[in-house]
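Engineer: A single structure is presented below for examination.
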Amino acid sequence: AYCDLLNRGESLENGFNVTVPTGNFGNILAAYYAKKMGVPINKLICASNSNNVLTDFIKTGKYDRNREFYTTVSPSMDILISSNLERLLYHLTGEDDKLINEWFTALKNDGRYEVNDSVKAAIKENFYAGCCDDEQTKGAIKEVFDEYSYLMDTHTAVAYKVYEDYKKKTGDNTKTLIASTANPYKFGFSV
């Protein structure tokens with residue numbers, strides 16, 4: 001996507017943001033790796049549905065799967081244990097596998113853990129998180145279709161809604177890529 005933007009002549013000297021709908025943290029982790037490899041990504045915006053364990057974690061540094069689980073119209077994001085998050089934490093701790101093991105043993109045994117202050121700071125520096133419910137997701141689909149004649153799937157709609165909320169809250173109008181991770185026709189009833 002970065003190369004496509006450059007090929008279109010987009011000016012990215014100030015970087016760009018990336019918004020990813022995620023439950024398992026895989027695609028946003030890939031964007032983090034791209035950033036570490038030199039792609040000029042500023043903020044990684046993590047978009048969650050009602051199963052907002054990642055939103056809470058990014059905001060507080062506390063991961064707690066002991067919560068109600070929701071079946072939503074964005075089912076690929078219906079996750080309470082994000083398996084790819086462990087990889088990010090490994091890097092943010094300076095590859096401290098003992099600390100990672102301690103946290104994930106606590107997750108297994110108690111359903112929760114809290115990262116240390118240095119990891120919290122690194123997360124806040126790189127990530128922003130938000131969430132939306134099914135009604136907001138459906139509203140985003142309608143809004144984009146009515147305005148642009150573009151039909152989003154339910155997962156992309158979560159990302160769009162969280163991004164719009166991010167802009168309102170932060171005033172950050174940096175060019176932003178919204179990762180579209182599904183086809184609207186796969187979720188025809190919900191769309």
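Residue numbering restarts at 1 for every chain of the structure tokens, chains are lettered A, B, ... in their displayed order, and ligands are numbered from 1 as they appear.
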A:Phe145: which residues within 12 Å, counting only C-alpha atoms, same-chain residues fewer than 6 positions away excluded, as a tab-separated table (two decimals) with all heavy atoms, in the first residue's frame?
Structural biologist:
chain	number	residue	atom	x	y	z
A	138	LYS	N	-22.58	-0.89	11.51
A	138	LYS	CA	-23.57	-0.81	10.44
A	138	LYS	C	-23.77	0.63	9.98
A	138	LYS	O	-23.93	0.90	8.78
A	138	LYS	CB	-24.89	-1.42	10.90
A	138	LYS	CG	-24.81	-2.92	11.13
A	138	LYS	CD	-26.11	-3.43	11.72
A	138	LYS	CE	-26.02	-4.89	12.11
A	138	LYS	NZ	-27.26	-5.36	12.75
A	139	GLY	N	-23.75	1.55	10.92
A	139	GLY	CA	-23.87	2.97	10.57
A	139	GLY	C	-22.71	3.43	9.69
A	139	GLY	O	-22.90	4.23	8.77
A	151	LEU	N	-18.92	-0.04	-0.87
A	151	LEU	CA	-19.52	-0.98	0.08
A	151	LEU	C	-18.42	-1.64	0.91
A	151	LEU	O	-17.61	-2.40	0.39
A	151	LEU	CB	-20.32	-2.04	-0.68
A	151	LEU	CG	-21.13	-3.01	0.19
A	151	LEU	CD1	-22.15	-2.25	1.04
A	151	LEU	CD2	-21.82	-4.04	-0.69
A	152	MET	N	-18.39	-1.32	2.20
A	152	MET	CA	-17.40	-1.89	3.12
A	152	MET	C	-17.94	-3.16	3.75
A	152	MET	O	-19.14	-3.27	4.00
A	152	MET	CB	-17.08	-0.92	4.27
A	152	MET	CG	-16.37	0.33	3.88
A	152	MET	SD	-15.86	1.30	5.34
A	152	MET	CE	-17.43	1.72	6.09
A	153	ASP	N	-17.04	-4.06	4.08
A	153	ASP	CA	-17.40	-5.20	4.92
A	153	ASP	C	-17.47	-4.72	6.37
A	153	ASP	O	-17.09	-3.59	6.70
A	153	ASP	CB	-16.36	-6.32	4.78
A	153	ASP	CG	-15.03	-5.91	5.35
A	153	ASP	OD1	-14.25	-5.24	4.65
A	153	ASP	OD2	-14.77	-6.24	6.52
A	157	ALA	N	-15.50	-1.58	8.28
A	157	ALA	CA	-16.36	-0.56	8.88
A	157	ALA	C	-15.94	-0.26	10.32
A	157	ALA	O	-16.00	0.90	10.75
A	157	ALA	CB	-17.82	-1.01	8.83
A	184	PRO	N	-17.11	-7.54	1.48
A	184	PRO	CA	-18.46	-7.32	2.01
A	184	PRO	C	-19.43	-8.43	1.64
A	184	PRO	O	-20.40	-8.69	2.39
A	184	PRO	CB	-18.89	-5.99	1.38
A	184	PRO	CG	-17.99	-5.79	0.22
A	184	PRO	CD	-16.71	-6.48	0.55
A	191	VAL	N	-24.03	-6.89	6.15
A	191	VAL	CA	-23.83	-5.70	5.34
A	191	VAL	C	-25.17	-5.20	4.83
A	191	VAL	O	-25.47	-4.03	4.87
A	191	VAL	CB	-22.85	-5.97	4.17
A	191	VAL	CG1	-22.83	-4.82	3.18
A	191	VAL	CG2	-21.45	-6.24	4.72
Engineer: Can you check which residues of stretch 91-135 of chain A DSSP gives as alpha helix (DSSP H) on the backbone and send them as an NGL selection string?
Structural biologist: :A and (91-92 or 97-110 or 117-126 or 134-135)
Engineer: Rounded to one decimal, what separation in Å do you get between atom CA of A:Asn66 and atom CA of A:Val53?
Structural biologist: 9.4 Å
Engineer: Suppose you want the space between atom CA of A:Lys59 and atom CA of A:Phe16; what is it in Å?
Structural biologist: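 Computed distance, atom CA of A:Lys59 to atom CA of A:Phe16, equals 21.2 Å.
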Engineer: Quick check for you: according to DSSP on this backbone, which residues of stretch 64-185 of chain A are classed as strand (DSSP E)? Reply as a list in words.
Structural biologist: Asp64, Arg112, Tyr113, Glu114, Phe127, Tyr128, Ala129, Gly130, Cys131, Thr176, Leu177 and Ile178 of chain A
Engineer: In Å, rounded to a single decimal, give me how far atom CA of A:Asn49 is from atom CA of A:Cys132.
Structural biologist: 5.1 Å
Engineer: Please list as a PyMOL selection string every residue within 8 Å of A:Leu44, counting only C-alpha atoms and excluding residues in the same chain fewer than 5 positions away.
Structural biologist: chain A and resi 17-20+28+31-32+126-128
Engineer: As an MDAnalysis selection string, please: the residues near stretch 92-109 of chain A (cut-off 10 Å, only C-alpha atoms, same-chain neighbours under 5 positions excluded).
Structural biologist: chainID A and resid 63:66 81 86:87 114:116 118:123
Engineer: Output the selection as a compact mmCIF listing (two decimals), in the first residue's frame - all heavy atoms for each residue.
Structural biologist:
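So part36.txt came out as:
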# COMPACT_ATOMS: atom_id res chain seq x y z
N TYR A 63 -4.01 -6.42 30.35
CA TYR A 63 -4.71 -7.36 29.47
C TYR A 63 -5.58 -8.24 30.35
O TYR A 63 -5.06 -8.90 31.27
CB TYR A 63 -3.72 -8.22 28.68
CG TYR A 63 -4.35 -8.91 27.52
CD1 TYR A 63 -4.21 -8.42 26.24
CD2 TYR A 63 -5.13 -10.06 27.70
CE1 TYR A 63 -4.81 -9.04 25.16
CE2 TYR A 63 -5.73 -10.69 26.63
CZ TYR A 63 -5.58 -10.17 25.36
OH TYR A 63 -6.19 -10.78 24.29
N ASP A 64 -6.89 -8.25 30.11
CA ASP A 64 -7.81 -9.01 30.95
C ASP A 64 -8.87 -9.66 30.07
O ASP A 64 -9.76 -9.00 29.57
CB ASP A 64 -8.45 -8.09 31.98
CG ASP A 64 -9.24 -8.85 33.03
OD1 ASP A 64 -9.49 -10.06 32.85
OD2 ASP A 64 -9.61 -8.22 34.03
N ARG A 65 -8.75 -10.97 29.92
CA ARG A 65 -9.73 -11.71 29.10
C ARG A 65 -10.95 -12.11 29.91
O ARG A 65 -11.88 -12.72 29.38
CB ARG A 65 -9.08 -12.93 28.47
CG ARG A 65 -8.71 -14.01 29.46
CD ARG A 65 -8.25 -15.27 28.75
NE ARG A 65 -7.63 -16.19 29.65
CZ ARG A 65 -8.26 -17.17 30.29
NH1 ARG A 65 -9.55 -17.35 30.10
NH2 ARG A 65 -7.62 -17.98 31.09
N ASN A 66 -10.96 -11.79 31.18
CA ASN A 66 -12.09 -12.11 32.06
C ASN A 66 -13.20 -11.08 31.86
O ASN A 66 -13.34 -10.13 32.62
CB ASN A 66 -11.64 -12.13 33.53
CG ASN A 66 -10.57 -13.15 33.77
OD1 ASN A 66 -10.67 -14.28 33.31
ND2 ASN A 66 -9.52 -12.76 34.47
N ILE A 81 -8.30 -13.61 23.29
CA ILE A 81 -6.87 -13.83 23.48
C ILE A 81 -6.19 -13.61 22.13
O ILE A 81 -6.34 -14.40 21.21
CB ILE A 81 -6.56 -15.25 24.02
CG1 ILE A 81 -7.20 -15.43 25.39
CG2 ILE A 81 -5.05 -15.46 24.09
CD1 ILE A 81 -7.00 -16.80 25.99
N GLU A 86 1.76 -11.34 21.75
CA GLU A 86 2.97 -11.84 22.42
C GLU A 86 4.22 -11.47 21.64
O GLU A 86 5.25 -11.12 22.22
CB GLU A 86 2.86 -13.36 22.57
CG GLU A 86 3.99 -13.99 23.33
CD GLU A 86 3.78 -15.48 23.55
OE1 GLU A 86 2.77 -16.04 23.10
OE2 GLU A 86 4.66 -16.10 24.18
N ARG A 87 4.14 -11.51 20.32
CA ARG A 87 5.30 -11.17 19.48
C ARG A 87 5.69 -9.70 19.65
O ARG A 87 6.86 -9.36 19.76
CB ARG A 87 4.99 -11.47 18.03
CG ARG A 87 4.86 -12.94 17.74
CD ARG A 87 4.42 -13.19 16.29
NE ARG A 87 4.46 -14.59 15.97
CZ ARG A 87 3.44 -15.42 16.10
NH1 ARG A 87 2.28 -14.96 16.56
NH2 ARG A 87 3.55 -16.69 15.78
N GLU A 114 -0.41 -7.44 33.51
CA GLU A 114 -0.16 -6.03 33.27
C GLU A 114 1.30 -5.86 32.91
O GLU A 114 2.18 -6.38 33.60
CB GLU A 114 -0.50 -5.19 34.51
CG GLU A 114 -0.31 -3.71 34.30
CD GLU A 114 -0.79 -2.85 35.46
OE1 GLU A 114 -1.30 -3.41 36.45
OE2 GLU A 114 -0.65 -1.62 35.37
N VAL A 115 1.55 -5.13 31.84
CA VAL A 115 2.93 -4.88 31.41
C VAL A 115 3.55 -3.77 32.25
O VAL A 115 2.85 -3.01 32.91
CB VAL A 115 3.00 -4.55 29.90
CG1 VAL A 115 2.51 -5.73 29.06
CG2 VAL A 115 2.23 -3.28 29.57
N ASN A 116 4.87 -3.67 32.19
CA ASN A 116 5.58 -2.66 32.96
C ASN A 116 5.50 -1.29 32.29
O ASN A 116 5.03 -1.15 31.16
CB ASN A 116 7.03 -3.08 33.21
CG ASN A 116 7.80 -3.31 31.93
OD1 ASN A 116 7.59 -2.63 30.93
ND2 ASN A 116 8.69 -4.29 31.94
N SER A 118 7.75 0.75 31.03
CA SER A 118 8.49 1.01 29.79
C SER A 118 7.75 0.44 28.58
O SER A 118 7.74 1.05 27.51
CB SER A 118 9.91 0.45 29.87
OG SER A 118 9.90 -0.95 29.96
N VAL A 119 7.11 -0.70 28.74
CA VAL A 119 6.33 -1.28 27.65
C VAL A 119 5.07 -0.44 27.41
O VAL A 119 4.70 -0.18 26.26
CB VAL A 119 5.99 -2.76 27.92
CG1 VAL A 119 5.00 -3.30 26.90
CG2 VAL A 119 7.26 -3.60 27.92
N LYS A 120 4.43 0.02 28.48
CA LYS A 120 3.27 0.90 28.32
C LYS A 120 3.64 2.14 27.51
O LYS A 120 2.89 2.55 26.62
CB LYS A 120 2.73 1.33 29.69
CG LYS A 120 1.99 0.26 30.44
CD LYS A 120 1.53 0.79 31.80
CE LYS A 120 0.99 -0.33 32.65
NZ LYS A 120 0.59 0.15 34.00
N ALA A 121 4.79 2.72 27.82
CA ALA A 121 5.23 3.93 27.10
C ALA A 121 5.48 3.62 25.63
O ALA A 121 5.11 4.42 24.75
CB ALA A 121 6.48 4.49 27.76
N ALA A 122 6.11 2.50 25.34
CA ALA A 122 6.38 2.11 23.95
C ALA A 122 5.08 1.87 23.18
O ALA A 122 4.97 2.23 22.00
CB ALA A 122 7.27 0.88 23.90
N ILE A 123 4.11 1.27 23.85
CA ILE A 123 2.82 1.05 23.20
C ILE A 123 2.15 2.38 22.90
O ILE A 123 1.67 2.61 21.78
CB ILE A 123 1.92 0.15 24.09
CG1 ILE A 123 2.47 -1.28 24.11
CG2 ILE A 123 0.48 0.17 23.60
CD1 ILE A 123 1.83 -2.17 25.14
Engineer: For each of A:Phe187, A:Lys142, A:Gly171, A:Tyr166, take the minimum atom-to-atom distance to A:Thr154, counting only C-alpha atoms, then give the residue where this is smallest.
Structural biologist: A:Phe187
Engineer: A:Thr137: which residues within 12 Å, counting only C-alpha atoms, same-chain residues fewer than 2 positions away excluded, as JSON, numbers by chain?
Structural biologist: {"A": [21, 47, 48, 49, 50, 72, 73, 74, 131, 132, 133, 134, 135, 139, 140, 141, 142, 143, 144, 152, 153, 154, 155, 156, 157, 158, 159, 160, 161, 162, 164, 190, 191]}
Engineer: Could you give me, as a list in words, the residues within 12 Å of A:Leu12, counting only C-alpha atoms and dropping anything in the same chain fewer than 4 positions from it?
Structural biologist: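 After dropping sequence-adjacent residues, the list is Tyr2, Cys3, Asp4, Leu5, Leu6, Asn7, Arg8, Phe16, Asn17, Val39, Pro40, Ile41, Asn42, Thr174, Lys175, Thr176 and Leu177 of chain A.
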Engineer: Those same residues - N, CA and C atoms - I'd like them written as an mmCIF file, in the first residue's frame.
Structural biologist:
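As a result, out-v3.cif now contains:
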data_model
loop_
_atom_site.group_PDB
_atom_site.id
_atom_site.type_symbol
_atom_site.label_atom_id
_atom_site.label_comp_id
_atom_site.auth_asym_id
_atom_site.auth_seq_id
_atom_site.Cartn_x
_atom_site.Cartn_y
_atom_site.Cartn_z
ATOM 1 N N TYR A 2 1.963 1.205 0.753
ATOM 2 C CA TYR A 2 2.895 2.345 0.785
ATOM 3 C C TYR A 2 3.437 2.622 -0.621
ATOM 4 N N CYS A 3 3.868 1.585 -1.297
ATOM 5 C CA CYS A 3 4.399 1.750 -2.663
ATOM 6 C C CYS A 3 3.309 2.257 -3.608
ATOM 7 N N ASP A 4 2.084 1.764 -3.437
ATOM 8 C CA ASP A 4 0.979 2.249 -4.268
ATOM 9 C C ASP A 4 0.752 3.740 -4.056
ATOM 10 N N LEU A 5 0.809 4.185 -2.803
ATOM 11 C CA LEU A 5 0.638 5.612 -2.516
ATOM 12 C C LEU A 5 1.740 6.437 -3.185
ATOM 13 N N LEU A 6 2.972 5.957 -3.069
ATOM 14 C CA LEU A 6 4.083 6.666 -3.714
ATOM 15 C C LEU A 6 3.911 6.700 -5.226
ATOM 16 N N ASN A 7 3.518 5.572 -5.814
ATOM 17 C CA ASN A 7 3.323 5.496 -7.263
ATOM 18 C C ASN A 7 2.204 6.426 -7.742
ATOM 19 N N ARG A 8 1.249 6.717 -6.851
ATOM 20 C CA ARG A 8 0.168 7.652 -7.192
ATOM 21 C C ARG A 8 0.604 9.101 -7.012
ATOM 22 N N PHE A 16 2.521 8.631 7.437
ATOM 23 C CA PHE A 16 1.091 8.348 7.381
ATOM 24 C C PHE A 16 0.740 7.407 8.523
ATOM 25 N N ASN A 17 -0.541 7.352 8.829
ATOM 26 C CA ASN A 17 -1.042 6.444 9.856
ATOM 27 C C ASN A 17 -1.630 5.209 9.183
ATOM 28 N N VAL A 39 9.326 1.976 6.809
ATOM 29 C CA VAL A 39 8.159 2.599 6.191
ATOM 30 C C VAL A 39 7.715 3.731 7.129
ATOM 31 N N PRO A 40 7.488 4.936 6.615
ATOM 32 C CA PRO A 40 7.229 6.089 7.482
ATOM 33 C C PRO A 40 5.822 6.119 8.082
ATOM 34 N N ILE A 41 5.529 5.121 8.880
ATOM 35 C CA ILE A 41 4.239 5.036 9.555
ATOM 36 C C ILE A 41 4.353 5.784 10.880
ATOM 37 N N ASN A 42 3.406 6.668 11.127
ATOM 38 C CA ASN A 42 3.385 7.414 12.383
ATOM 39 C C ASN A 42 2.645 6.623 13.458
ATOM 40 N N THR A 174 -3.454 13.508 9.634
ATOM 41 C CA THR A 174 -2.421 12.870 8.823
ATOM 42 C C THR A 174 -3.066 11.880 7.862
ATOM 43 N N LYS A 175 -2.530 11.810 6.652
ATOM 44 C CA LYS A 175 -3.025 10.819 5.689
ATOM 45 C C LYS A 175 -3.021 9.451 6.378
ATOM 46 N N THR A 176 -4.109 8.718 6.218
ATOM 47 C CA THR A 176 -4.254 7.444 6.920
ATOM 48 C C THR A 176 -4.731 6.363 5.969
ATOM 49 N N LEU A 177 -4.074 5.234 6.054
ATOM 50 C CA LEU A 177 -4.444 4.047 5.304
ATOM 51 C C LEU A 177 -5.341 3.193 6.204
#
Engineer: Please determine, counting only C-alpha atoms, which residue among A:Ala129, A:Gly111, A:Lys169, A:Thr60 has the shortest atom-to-atom distance to A:Phe25.
Structural biologist: A:Ala129
Engineer: Find the spatial neighbours of A:Gly26, counting only C-alpha atoms, within a cut-off of 9 Å - ignore same-chain residues fewer than 4 positions away - and output them as a PyMOL selection string.
Structural biologist: chain A and resi 22+30-31+82-85
Engineer: Can you write just those residues out, N, CA, C and O atoms, as an mmCIF file, in the first residue's frame?
Structural biologist:
data_model
loop_
_atom_site.group_PDB
_atom_site.id
_atom_site.type_symbol
_atom_site.label_atom_id
_atom_site.label_comp_id
_atom_site.auth_asym_id
_atom_site.auth_seq_id
_atom_site.Cartn_x
_atom_site.Cartn_y
_atom_site.Cartn_z
ATOM 1 N N THR A 22 -8.808 -5.394 14.022
ATOM 2 C CA THR A 22 -8.085 -6.572 14.484
ATOM 3 C C THR A 22 -8.644 -7.132 15.774
ATOM 4 O O THR A 22 -9.174 -6.418 16.603
ATOM 5 N N ALA A 30 2.034 -6.745 11.526
ATOM 6 C CA ALA A 30 2.751 -6.635 10.249
ATOM 7 C C ALA A 30 3.037 -5.174 9.928
ATOM 8 O O ALA A 30 4.129 -4.832 9.459
ATOM 9 N N ALA A 31 2.093 -4.290 10.201
ATOM 10 C CA ALA A 31 2.317 -2.855 9.977
ATOM 11 C C ALA A 31 3.393 -2.328 10.928
ATOM 12 O O ALA A 31 4.212 -1.491 10.533
ATOM 13 N N SER A 82 -5.470 -12.512 22.027
ATOM 14 C CA SER A 82 -4.817 -12.112 20.785
ATOM 15 C C SER A 82 -3.439 -12.760 20.701
ATOM 16 O O SER A 82 -2.490 -12.294 21.328
ATOM 17 N N SER A 83 -3.335 -13.804 19.912
ATOM 18 C CA SER A 83 -2.104 -14.602 19.901
ATOM 19 C C SER A 83 -0.886 -13.849 19.368
ATOM 20 O O SER A 83 0.233 -14.133 19.780
ATOM 21 N N ASN A 84 -1.075 -12.897 18.489
ATOM 22 C CA ASN A 84 0.079 -12.184 17.932
ATOM 23 C C ASN A 84 0.609 -11.069 18.831
ATOM 24 O O ASN A 84 1.699 -10.559 18.603
ATOM 25 N N LEU A 85 -0.123 -10.713 19.852
ATOM 26 C CA LEU A 85 0.328 -9.664 20.765
ATOM 27 C C LEU A 85 1.607 -10.066 21.486
ATOM 28 O O LEU A 85 2.467 -9.228 21.765
#
Engineer: Measuring atom to atom with only C-alpha atoms, identify which of A:Tyr163, A:Phe189, A:Tyr33, A:Tyr70 is nearest to A:Gly130.
Structural biologist: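 Among the listed residues, the smallest separation from A:Gly130 belongs to A:Tyr163.
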